[in-house]
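One structure is given here, and the rest of the page talks about it.
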Amino acid sequence: MKKLLGLVGLFLLGAQACFGDDAPAPASVVKINLTAKADTLPLFPGAETNVWRYVVSPLPPNSTKTSFPVIYVKTGQVLDVNFKNELSEATSVHWHGLDIPASMDGHPADAIKPGGSFRYRFMVPNRAGMYWFHPHPDQRTAVQAAAGLAGAIVVSDAEERALTLPRGNRDQVLILQDRYISAGNQFQYSGNPQPGFLAPHILVNNKRNAAQNVETAVYRFRILNGSNARIYKLAWSNSMPMTVLGVDQGLLAAPVTRNYVMLAPGERIEVWADFRSIAVGNNVKLISQAFTPGGPAIGLGLNQGAAFDVMNFTVNAAVTDSIVLPSILSSGVPGYTLAGATNFANPRLIPLSSSGGFFRLNGSPFSMNVVASNEMPVLGEAQIWVFQNNATTQMPHPIHLHSSGFRVLERTQSGAFPTQVASMQDGFLDEGLKDTTLLMPGETLKLVQKPLFYTGKFLYHCHNLEHEDTGMMRNFQVVP
Ligand code: C2O
Ligand code: CU
Ligand code: CU
């Protein structure tokens with residue numbers, strides 16, 4: 001153990017870590033091999049599907065060949081990843097939501113050539129929750145993600161382990177994606193830079209018409225929107241409310257209920273799904289309700305904002321489950337305020353705009369090494385970012401910041417998109433710590449982010465991957 005800690009200490013020095021007092025001490029190392037490669041998978045009846053996928057070894061418990069990899073870590077552990085790129089093109093691995101050094105974050109400038117390898121090593125300081133990993137190479141993120149590259153990271157911590165929550169096979173990861181599946185069972189991709197890739201076949205964990213038997217019990221579903229561009233308006237078909245335990249960056253202070261939850265690409269929620277009052281033999285569906293997105297919604301047969309089923313749950317066995325929804329979940333949601341921000345008098349203003357058919361942040365397209373003077377947050381300071389979705393973009397955009405999580409503190413509507421706003425506004429979970437949030441058409445949103453641990457160059461971007469790849473992405477530099 002002593003030797004282990006010594007190594008961790010060396011690693012942290014090497015990475016020029018700058019941990020605040022509240023950073024947990026590294027406890028141990030989780031070592032894995034991760035390979036990105038072309039493969040075929042038996043996903044649907046008939047021909048196997050050509051995919052690009054991540055293979056993790058040793059294989060996590062209960063995983064099958066067709067499931068997405070799930071990496072389990074505890075807060076404070078070091079994740080040590082021996083990554084190999086066996087794809088035919090360059091790629092990088094981005095650890096979405098993890099608060100790690102810039103050199104480990106999968107920036108497009110650090111993409112790994114075909115046949116190359118890279119050792120990702122970092123301490124996971126994040127709160128208990130579900131994070132994820134996906135490719136992030138320049139202009140090829142959308143294509144690589146649509147080919148199947150994604151995985152989940154489930155982080156636990158002492159506070160979360162002390163709660164009475166569904167565990168074991170009642171604690172499940174659900175990855176939601178839309179695909180166009182040809183008659184020959186192949187994924188077909190065509191990414192339109194305006195709406196993004198919107199496909200007609202909804203998959204959950206790579207399964208079509210996803211369905212599962214459940215008992216008369218409570219389940220905890222950790223739901224990731226791993227789609228390129230599709231936004232979900234999640235609800236239950238029997239109109240029981242959505243009971244939400246957590247969001248992107250961990251548990252809420254206390255559970256909340258919503259009639260529906262908006263889940264944009266990159267966002268996660270944890271749901272308390274209580275099937276105890278449903279009679280054996282009956283079913284309930286997780287659905288996506290209709291909404292009015294604005295902008296060019298046209299998809300390949302299923303438009304943005306169209307209603308569809310996500311997953312069917314059939315209650316097939318009566319059991320006794322006396323679990324009680326905890327009234328308090330976490331004391332760890334940072335209480336950032338606008339007034340407490342160091343740039344309260346002069347907040348960072350980032351307009352969203354449209355130019356020549358492409359979307360922009362801060363008035364300019366992505367440029368590999370460029371950082372503008374208003375893109376330099378200060379390490380350890382809580383600062384306001386104001387994102388202004390100008391009327392010209394016409395549509396909602398999921399805004400994502402790398403580095404530390406943020407709180408959404410204010411949404412102001414221009415009044416120009418009343419139908420769009422009315423169809424979505426009750427589905428946001430701004431009470432949690434976030435790393436991705438949906439910005440409505442015509443909306444001005446104020447968030448506070450406090451870079452906790454690392455200086456360096458990080459990305460912020462729209463998580464509509466076709467928007468990201470066509471330049472709706474920028475660097476920011478965390479400065480000392
Ligand atoms: Cu999940 Cu920079 O992205
Ligand atoms: Cu990210
Ligand atoms: Cu966008």
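Naming scheme: A, B, ... for chains in displayed order of the structure tokens; residues 1 onward per chain; ligands 1 onward as shown.
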
Checklist entry - DSSP says strand (DSSP E) for which residues of range 206-357 of chain A? Put them as number ranges by chain? => result A: 207-208, 211-215, 218-225, 232-236, 242-247, 250-258, 261-263, 268-274, 283-288, 308-317, 348-355

Next on the checklist: I'd like the neighbourhood of Gly427 in chain A as a ChimeraX atom specification, where a residue qualifies if any of its atoms comes within 12 Å (using only C-alpha atoms), though same-chain residues fewer than 3 positions away should be ignored.
Outcome noted: /A:231-235,241-244,256-264,269,288-289,291,421-424,430-431,437-438,440

Would you write out, as a Markdown table, a table of all residues in range 60-162 of chain A that have an atom no more than 10 Å from an atom of range 365-376 of chain A, listing for each the closest atom pair and the distance in Å to one decimal, considering only C-alpha atoms and ordering rows by chain and rising residue number?
```
| residue | atom | partner | partner_atom | distance |
| --- | --- | --- | --- | --- |
| A:His107 | CA | A:Met368 | CA | 9.1 |
| A:Pro108 | CA | A:Met368 | CA | 7.6 |
| A:Ala109 | CA | A:Met368 | CA | 6.6 |
| A:Asp138 | CA | A:Met368 | CA | 8.4 |
| A:Gln139 | CA | A:Phe366 | CA | 10.0 |
```

Just the selected residues (N, CA and C atoms), exported as a short mmCIF file (atom, residue, chain, number, x, y, z; two decimals), in the first residue's frame, please.
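Saved file out-v8.cif follows:
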```
data_model
loop_
_atom_site.label_atom_id
_atom_site.label_comp_id
_atom_site.auth_asym_id
_atom_site.auth_seq_id
_atom_site.Cartn_x
_atom_site.Cartn_y
_atom_site.Cartn_z
N HIS A 107 -8.40 16.36 -25.49
CA HIS A 107 -8.48 17.51 -26.41
C HIS A 107 -8.10 17.05 -27.83
N PRO A 108 -8.77 17.59 -28.86
CA PRO A 108 -8.47 17.17 -30.24
C PRO A 108 -6.98 17.32 -30.59
N ALA A 109 -6.31 18.28 -29.97
CA ALA A 109 -4.88 18.46 -30.25
C ALA A 109 -4.07 17.26 -29.75
N ASP A 138 -10.85 16.25 -33.75
CA ASP A 138 -11.31 17.42 -34.50
C ASP A 138 -12.18 17.00 -35.68
N GLN A 139 -13.40 17.47 -35.71
CA GLN A 139 -14.35 17.29 -36.82
C GLN A 139 -14.77 15.84 -37.07
#
```

Per-residue nearest contacts of chain A to ligand 2 (6 Å; only C-alpha atoms and all ligand atoms) as CSV:
```
residue,atom,partner,partner_atom_place_in_ligand_line,distance
A:His96,CA,ligand 2,1 (Cu),3.6
A:Gly97,CA,ligand 2,1 (Cu),5.4
A:His402,CA,ligand 2,1 (Cu),4.8
```

Put those residues in a file: N, CA and C atoms, as a compact mmCIF listing (two decimals), in the first residue's frame.
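Final output, part-v2.txt:
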```
# COMPACT_ATOMS: atom_id res chain seq x y z
N HIS A 96 -15.99 12.62 -20.12
CA HIS A 96 -17.01 13.66 -19.99
C HIS A 96 -17.47 13.80 -18.54
N GLY A 97 -17.22 14.98 -18.00
CA GLY A 97 -17.68 15.29 -16.64
C GLY A 97 -16.63 15.09 -15.57
N HIS A 402 -16.11 21.62 -20.17
CA HIS A 402 -15.14 20.69 -19.58
C HIS A 402 -14.65 21.29 -18.26
```

Next on the checklist: Just to confirm, what's the straight-line distance from CA of His201 in chain A to CA of Val51 in chain A in Å (one decimal)?
Outcome noted: 15.9 Å

I'd like a table as CSV: residues in chain A with an atom no more than 10 Å from ligand 1, each row giving the shortest atom pair and its distance in Å to one decimal, only C-alpha atoms and all ligand atoms counted, sorted by chain and rising residue number.
```
residue,atom,partner,partner_atom_place_in_ligand_line,distance
A:Val93,CA,ligand 1,3 (O),9.7
A:His94,CA,ligand 1,3 (O),6.6
A:Trp95,CA,ligand 1,1 (Cu),7.4
A:His96,CA,ligand 1,1 (Cu),4.6
A:Gly97,CA,ligand 1,1 (Cu),7.4
A:Asp105,CA,ligand 1,2 (Cu),8.7
A:Gly106,CA,ligand 1,2 (Cu),8.4
A:His107,CA,ligand 1,2 (Cu),8.1
A:Pro108,CA,ligand 1,2 (Cu),9.5
A:Tyr131,CA,ligand 1,1 (Cu),9.3
A:Trp132,CA,ligand 1,1 (Cu),7.6
A:Phe133,CA,ligand 1,1 (Cu),7.1
A:His134,CA,ligand 1,1 (Cu),6.6
A:Pro135,CA,ligand 1,3 (O),8.2
A:His136,CA,ligand 1,2 (Cu),6.6
A:Pro137,CA,ligand 1,2 (Cu),9.8
A:Thr141,CA,ligand 1,3 (O),9.1
A:Ala150,CA,ligand 1,1 (Cu),9.9
A:Gly226,CA,ligand 1,1 (Cu),8.9
A:Pro265,CA,ligand 1,1 (Cu),8.3
A:Gly266,CA,ligand 1,1 (Cu),5.5
A:Glu267,CA,ligand 1,1 (Cu),8.7
A:Ile399,CA,ligand 1,3 (O),9.6
A:His400,CA,ligand 1,3 (O),6.7
A:Leu401,CA,ligand 1,2 (Cu),7.1
A:His402,CA,ligand 1,2 (Cu),6.2
A:Ser403,CA,ligand 1,2 (Cu),9.8
A:Asp435,CA,ligand 1,1 (Cu),9.0
A:Thr436,CA,ligand 1,1 (Cu),8.4
A:Phe458,CA,ligand 1,2 (Cu),8.7
A:Leu459,CA,ligand 1,2 (Cu),6.1
A:Tyr460,CA,ligand 1,2 (Cu),6.5
A:His461,CA,ligand 1,2 (Cu),6.5
A:Cys462,CA,ligand 1,2 (Cu),8.3
A:His463,CA,ligand 1,3 (O),6.4
A:Asn464,CA,ligand 1,1 (Cu),9.6
A:Leu465,CA,ligand 1,3 (O),8.7
A:Glu468,CA,ligand 1,2 (Cu),8.5
A:Met473,CA,ligand 1,2 (Cu),8.5
A:Arg474,CA,ligand 1,2 (Cu),10.0
```

Keeping only N, CA and C atoms, write the selected residues to a file as a compact mmCIF listing (two decimals), in the first residue's frame.
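The new file result.txt reads:
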```txt
# COMPACT_ATOMS: atom_id res chain seq x y z
N VAL A 93 -9.78 10.06 -26.31
CA VAL A 93 -10.83 9.67 -25.38
C VAL A 93 -11.07 10.84 -24.44
N HIS A 94 -12.31 11.32 -24.41
CA HIS A 94 -12.68 12.38 -23.48
C HIS A 94 -13.51 11.79 -22.35
N TRP A 95 -13.17 12.17 -21.12
CA TRP A 95 -13.81 11.64 -19.92
C TRP A 95 -14.83 12.66 -19.48
N HIS A 96 -15.99 12.62 -20.12
CA HIS A 96 -17.01 13.66 -19.99
C HIS A 96 -17.47 13.80 -18.54
N GLY A 97 -17.22 14.98 -18.00
CA GLY A 97 -17.68 15.29 -16.64
C GLY A 97 -16.63 15.09 -15.57
N ASP A 105 -7.56 15.12 -20.93
CA ASP A 105 -8.97 15.38 -21.18
C ASP A 105 -9.42 15.01 -22.59
N GLY A 106 -8.49 14.51 -23.42
CA GLY A 106 -8.87 14.10 -24.76
C GLY A 106 -9.07 15.25 -25.73
N HIS A 107 -8.40 16.36 -25.49
CA HIS A 107 -8.48 17.51 -26.41
C HIS A 107 -8.10 17.05 -27.83
N PRO A 108 -8.77 17.59 -28.86
CA PRO A 108 -8.47 17.17 -30.24
C PRO A 108 -6.98 17.32 -30.59
N TYR A 131 -20.80 9.35 -15.09
CA TYR A 131 -20.06 10.14 -16.06
C TYR A 131 -19.92 9.27 -17.30
N TRP A 132 -19.21 9.74 -18.33
CA TRP A 132 -19.08 8.86 -19.50
C TRP A 132 -17.87 9.21 -20.32
N PHE A 133 -17.54 8.37 -21.27
CA PHE A 133 -16.39 8.67 -22.13
C PHE A 133 -16.77 8.43 -23.58
N HIS A 134 -16.16 9.25 -24.43
CA HIS A 134 -16.48 9.20 -25.86
C HIS A 134 -15.34 9.85 -26.64
N PRO A 135 -15.30 9.68 -27.97
CA PRO A 135 -14.23 10.27 -28.77
C PRO A 135 -14.37 11.79 -28.85
N HIS A 136 -13.25 12.46 -29.13
CA HIS A 136 -13.28 13.93 -29.23
C HIS A 136 -12.27 14.47 -30.26
N PRO A 137 -12.04 13.76 -31.39
CA PRO A 137 -11.08 14.27 -32.37
C PRO A 137 -11.69 15.42 -33.19
N THR A 141 -15.82 13.78 -34.24
CA THR A 141 -16.49 13.28 -33.04
C THR A 141 -17.85 12.66 -33.38
N ALA A 150 -18.70 4.69 -27.13
CA ALA A 150 -19.19 5.32 -25.90
C ALA A 150 -19.03 4.35 -24.76
N GLY A 226 -26.85 9.54 -24.99
CA GLY A 226 -25.63 9.37 -25.77
C GLY A 226 -25.88 9.59 -27.25
N PRO A 265 -28.37 15.84 -25.49
CA PRO A 265 -27.15 15.04 -25.68
C PRO A 265 -26.07 15.39 -24.66
N GLY A 266 -25.51 14.37 -24.02
CA GLY A 266 -24.46 14.54 -23.03
C GLY A 266 -24.96 14.57 -21.60
N GLU A 267 -26.26 14.87 -21.40
CA GLU A 267 -26.79 14.97 -20.03
C GLU A 267 -27.11 13.59 -19.46
N ILE A 399 -25.31 23.07 -24.04
CA ILE A 399 -24.00 23.68 -23.81
C ILE A 399 -23.24 22.87 -22.75
N HIS A 400 -22.01 22.52 -23.08
CA HIS A 400 -21.19 21.67 -22.21
C HIS A 400 -19.86 22.34 -21.91
N LEU A 401 -19.48 22.37 -20.64
CA LEU A 401 -18.16 22.87 -20.23
C LEU A 401 -17.32 21.73 -19.69
N HIS A 402 -16.11 21.62 -20.17
CA HIS A 402 -15.14 20.69 -19.58
C HIS A 402 -14.65 21.29 -18.26
N SER A 403 -13.70 20.59 -17.60
CA SER A 403 -13.18 20.98 -16.30
C SER A 403 -14.27 20.82 -15.24
N ASP A 435 -22.83 19.54 -15.96
CA ASP A 435 -21.74 19.86 -16.88
C ASP A 435 -22.25 20.12 -18.29
N THR A 436 -23.55 19.88 -18.49
CA THR A 436 -24.18 20.11 -19.79
C THR A 436 -25.59 20.62 -19.50
N PHE A 458 -9.04 23.88 -21.85
CA PHE A 458 -10.18 22.98 -21.88
C PHE A 458 -11.16 23.44 -22.96
N LEU A 459 -12.14 22.58 -23.25
CA LEU A 459 -13.12 22.91 -24.28
C LEU A 459 -14.46 23.28 -23.68
N TYR A 460 -15.17 24.15 -24.36
CA TYR A 460 -16.62 24.26 -24.15
C TYR A 460 -17.26 24.23 -25.51
N HIS A 461 -18.44 23.63 -25.58
CA HIS A 461 -19.05 23.44 -26.91
C HIS A 461 -20.50 23.05 -26.80
N CYS A 462 -21.13 23.08 -27.97
CA CYS A 462 -22.48 22.53 -28.07
C CYS A 462 -22.33 21.01 -28.16
N HIS A 463 -23.13 20.27 -27.38
CA HIS A 463 -23.02 18.81 -27.41
C HIS A 463 -23.90 18.17 -28.48
N ASN A 464 -24.54 18.99 -29.32
CA ASN A 464 -25.04 18.47 -30.59
C ASN A 464 -23.77 18.23 -31.41
N LEU A 465 -23.45 16.96 -31.65
CA LEU A 465 -22.10 16.65 -32.14
C LEU A 465 -21.84 17.17 -33.55
N GLU A 468 -20.92 20.71 -32.91
CA GLU A 468 -19.54 20.73 -32.37
C GLU A 468 -18.52 20.57 -33.50
N MET A 473 -17.66 25.18 -31.03
CA MET A 473 -16.78 24.75 -29.94
C MET A 473 -15.67 25.79 -29.82
N ARG A 474 -15.21 25.98 -28.60
CA ARG A 474 -14.11 26.92 -28.34
C ARG A 474 -13.25 26.37 -27.20
```

Item to check | Protein and nucleic acid residues within 10 Å of ligand 3 (only C-alpha atoms and all ligand atoms) as JSON, numbers by chain | outcome: {"A": [193, 194, 195, 196, 229, 352, 353, 354, 358, 359, 360, 361, 389, 393, 395, 396, 397, 398, 399, 438, 439, 461, 462, 463, 464, 465, 466, 467, 468, 470, 471, 472, 473]}

Requested write-out: C-alpha atoms of the selected residues, as a PDB file, in the first residue's frame:
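Result went into out_37.pdb, see below:
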```pdb
ATOM      1  CA  PRO A 193     -24.875  20.372 -39.706  1.00  0.00           C
ATOM      2  CA  GLN A 194     -28.143  22.169 -39.009  1.00  0.00           C
ATOM      3  CA  PRO A 195     -30.432  19.837 -37.060  1.00  0.00           C
ATOM      4  CA  GLY A 196     -27.628  17.333 -36.496  1.00  0.00           C
ATOM      5  CA  ALA A 229     -28.352  15.453 -31.626  1.00  0.00           C
ATOM      6  CA  LEU A 352     -24.519  31.816 -29.717  1.00  0.00           C
ATOM      7  CA  SER A 353     -24.957  32.777 -33.323  1.00  0.00           C
ATOM      8  CA  SER A 354     -25.416  31.425 -36.797  1.00  0.00           C
ATOM      9  CA  PHE A 358     -23.019  26.981 -39.177  1.00  0.00           C
ATOM     10  CA  PHE A 359     -23.376  27.738 -35.494  1.00  0.00           C
ATOM     11  CA  ARG A 360     -20.825  29.689 -33.501  1.00  0.00           C
ATOM     12  CA  LEU A 361     -19.865  30.364 -29.886  1.00  0.00           C
ATOM     13  CA  ASN A 389     -28.865  32.080 -27.598  1.00  0.00           C
ATOM     14  CA  THR A 393     -29.955  30.100 -34.189  1.00  0.00           C
ATOM     15  CA  MET A 395     -33.117  26.221 -31.863  1.00  0.00           C
ATOM     16  CA  PRO A 396     -32.052  24.756 -28.507  1.00  0.00           C
ATOM     17  CA  HIS A 397     -28.358  23.899 -27.961  1.00  0.00           C
ATOM     18  CA  PRO A 398     -26.922  21.672 -25.203  1.00  0.00           C
ATOM     19  CA  ILE A 399     -24.001  23.675 -23.807  1.00  0.00           C
ATOM     20  CA  LEU A 438     -29.971  22.844 -22.647  1.00  0.00           C
ATOM     21  CA  LEU A 439     -30.118  26.459 -23.748  1.00  0.00           C
ATOM     22  CA  HIS A 461     -19.045  23.441 -26.905  1.00  0.00           C
ATOM     23  CA  CYS A 462     -22.476  22.530 -28.068  1.00  0.00           C
ATOM     24  CA  HIS A 463     -23.022  18.806 -27.410  1.00  0.00           C
ATOM     25  CA  ASN A 464     -25.044  18.472 -30.592  1.00  0.00           C
ATOM     26  CA  LEU A 465     -22.097  16.648 -32.141  1.00  0.00           C
ATOM     27  CA  GLU A 466     -22.717  17.894 -35.672  1.00  0.00           C
ATOM     28  CA  HIS A 467     -22.727  21.441 -34.329  1.00  0.00           C
ATOM     29  CA  GLU A 468     -19.544  20.730 -32.373  1.00  0.00           C
ATOM     30  CA  THR A 470     -18.743  22.177 -37.621  1.00  0.00           C
ATOM     31  CA  GLY A 471     -17.203  24.702 -35.264  1.00  0.00           C
ATOM     32  CA  MET A 472     -19.627  25.316 -32.380  1.00  0.00           C
ATOM     33  CA  MET A 473     -16.781  24.748 -29.943  1.00  0.00           C
TER      34      MET A 473
END
```

Next on the checklist: Given only C-alpha atoms as the basis, pick out the residue of A:Phe387, A:Ile350, A:Gly363, A:Gln425 nearest to Thr292 in chain A.
Outcome noted: A:Gln425

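Using only C-alpha atoms, the smallest distance between any of A:Ser404, A:Thr337, A:Gln188, A:Ser277 and Asp321 in chain A comes from A:Ser277.
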
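Put simply, CA of Ser67 in chain A is 10.1 Å away from CA of Tyr54 in chain A.
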
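Proximity to Trp236 in chain A was assessed for A:Val284, A:Val55, A:Ala158, A:Met104 counting only C-alpha atoms; the smallest distance is recorded for A:Val284.
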
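Counting only C-alpha atoms and comparing A:Gln172, A:Asn316, A:Asn209, A:Asn283, the residue that lies closest to Glu270 in chain A is A:Gln172.
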
Next on the checklist: Could you pull out the helix (DSSP H, G or I) residues of range 239-420 of chain A, going by DSSP on the backbone, and write them as a list in words?
Outcome noted: Ala391, Thr392, Thr393, Pro418, Thr419 and Gln420 of chain A

Just to be explicit: take each residue in the selection above, keep N, CA, C and O atoms, and write the result as a PDB file, in the first residue's frame.
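Final file, selection.pdb:
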```pdb
ATOM      1  N   ALA A 391     -31.576  34.969 -31.427  1.00  0.00           N
ATOM      2  CA  ALA A 391     -32.711  34.507 -32.215  1.00  0.00           C
ATOM      3  C   ALA A 391     -32.273  33.847 -33.514  1.00  0.00           C
ATOM      4  O   ALA A 391     -32.963  32.975 -34.028  1.00  0.00           O
ATOM      5  N   THR A 392     -31.108  34.193 -34.029  1.00  0.00           N
ATOM      6  CA  THR A 392     -30.695  33.656 -35.327  1.00  0.00           C
ATOM      7  C   THR A 392     -30.468  32.149 -35.308  1.00  0.00           C
ATOM      8  O   THR A 392     -30.548  31.508 -36.343  1.00  0.00           O
ATOM      9  N   THR A 393     -30.170  31.558 -34.171  1.00  0.00           N
ATOM     10  CA  THR A 393     -29.955  30.100 -34.189  1.00  0.00           C
ATOM     11  C   THR A 393     -31.279  29.343 -34.197  1.00  0.00           C
ATOM     12  O   THR A 393     -31.303  28.187 -34.588  1.00  0.00           O
ATOM     13  N   PRO A 418     -42.272  31.585 -27.602  1.00  0.00           N
ATOM     14  CA  PRO A 418     -43.148  31.152 -26.497  1.00  0.00           C
ATOM     15  C   PRO A 418     -43.572  29.686 -26.576  1.00  0.00           C
ATOM     16  O   PRO A 418     -43.634  29.000 -25.551  1.00  0.00           O
ATOM     17  N   THR A 419     -43.833  29.175 -27.776  1.00  0.00           N
ATOM     18  CA  THR A 419     -44.287  27.788 -27.908  1.00  0.00           C
ATOM     19  C   THR A 419     -43.171  26.818 -27.536  1.00  0.00           C
ATOM     20  O   THR A 419     -43.384  25.834 -26.824  1.00  0.00           O
ATOM     21  N   GLN A 420     -41.966  27.124 -28.006  1.00  0.00           N
ATOM     22  CA  GLN A 420     -40.819  26.269 -27.705  1.00  0.00           C
ATOM     23  C   GLN A 420     -40.574  26.238 -26.197  1.00  0.00           C
ATOM     24  O   GLN A 420     -40.396  25.175 -25.600  1.00  0.00           O
TER      25      GLN A 420
END
```

Next on the checklist: So the first atom is CA of Val30 in chain A and the second is CA of Thr164 in chain A; what is the distance between them in Å, to one decimal place?
Outcome noted: 25.5 Å

Next on the checklist: I'd like the neighbourhood of Met130 in chain A as a count of residues only, where a residue qualifies if any of its atoms comes within 10 Å (using only C-alpha atoms), though same-chain residues fewer than 3 positions away should be ignored.
Outcome noted: 27

Next on the checklist: When you count only C-alpha atoms, which of these residues is closest to Lys37 in chain A: A:Gln77, A:Asn85, A:Thr455, A:Thr66?
Outcome noted: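 Nearest to Lys37 in chain A: A:Asn85.
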
Next on the checklist: Neighbouring residues of Arg53 in chain A were defined as those with any atom within 6 Å, considering only C-alpha atoms; residues of the same chain fewer than 3 positions away were excluded. Please report them as a ChimeraX atom specification.
Outcome noted: /A:36-37,148-149

File dump, residues just selected, all heavy atoms, as a PDB file, in the first residue's frame:
```pdb
ATOM      1  N   ALA A  36     -10.042   1.053 -28.733  1.00  0.00           N
ATOM      2  CA  ALA A  36     -11.073   1.469 -29.688  1.00  0.00           C
ATOM      3  C   ALA A  36     -10.832   0.689 -30.964  1.00  0.00           C
ATOM      4  O   ALA A  36      -9.719   0.704 -31.496  1.00  0.00           O
ATOM      5  CB  ALA A  36     -10.978   2.970 -29.951  1.00  0.00           C
ATOM      6  N   LYS A  37     -11.869  -0.022 -31.425  1.00  0.00           N
ATOM      7  CA  LYS A  37     -11.639  -0.858 -32.605  1.00  0.00           C
ATOM      8  C   LYS A  37     -12.900  -1.092 -33.416  1.00  0.00           C
ATOM      9  O   LYS A  37     -14.017  -0.926 -32.921  1.00  0.00           O
ATOM     10  CB  LYS A  37     -11.051  -2.199 -32.190  1.00  0.00           C
ATOM     11  CG  LYS A  37     -11.955  -3.038 -31.290  1.00  0.00           C
ATOM     12  CD  LYS A  37     -11.278  -4.370 -31.013  1.00  0.00           C
ATOM     13  CE  LYS A  37     -12.275  -5.499 -30.896  1.00  0.00           C
ATOM     14  NZ  LYS A  37     -11.653  -6.794 -30.807  1.00  0.00           N
ATOM     15  N   GLY A 148     -20.561   4.006 -32.726  1.00  0.00           N
ATOM     16  CA  GLY A 148     -20.743   3.168 -31.538  1.00  0.00           C
ATOM     17  C   GLY A 148     -19.806   3.416 -30.373  1.00  0.00           C
ATOM     18  O   GLY A 148     -19.887   2.723 -29.362  1.00  0.00           O
ATOM     19  N   LEU A 149     -18.892   4.374 -30.502  1.00  0.00           N
ATOM     20  CA  LEU A 149     -17.913   4.574 -29.425  1.00  0.00           C
ATOM     21  C   LEU A 149     -18.516   5.363 -28.260  1.00  0.00           C
ATOM     22  O   LEU A 149     -18.795   6.568 -28.377  1.00  0.00           O
ATOM     23  CB  LEU A 149     -16.676   5.299 -29.975  1.00  0.00           C
ATOM     24  CG  LEU A 149     -15.806   4.463 -30.929  1.00  0.00           C
ATOM     25  CD1 LEU A 149     -14.813   5.353 -31.666  1.00  0.00           C
ATOM     26  CD2 LEU A 149     -15.071   3.350 -30.175  1.00  0.00           C
TER      27      LEU A 149
END
```

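Candidate residues A:Met240, A:Pro114, A:Val271, A:Ala254 were compared for distance to Asp171 in chain A, and the nearest is A:Val271, using only C-alpha atoms.
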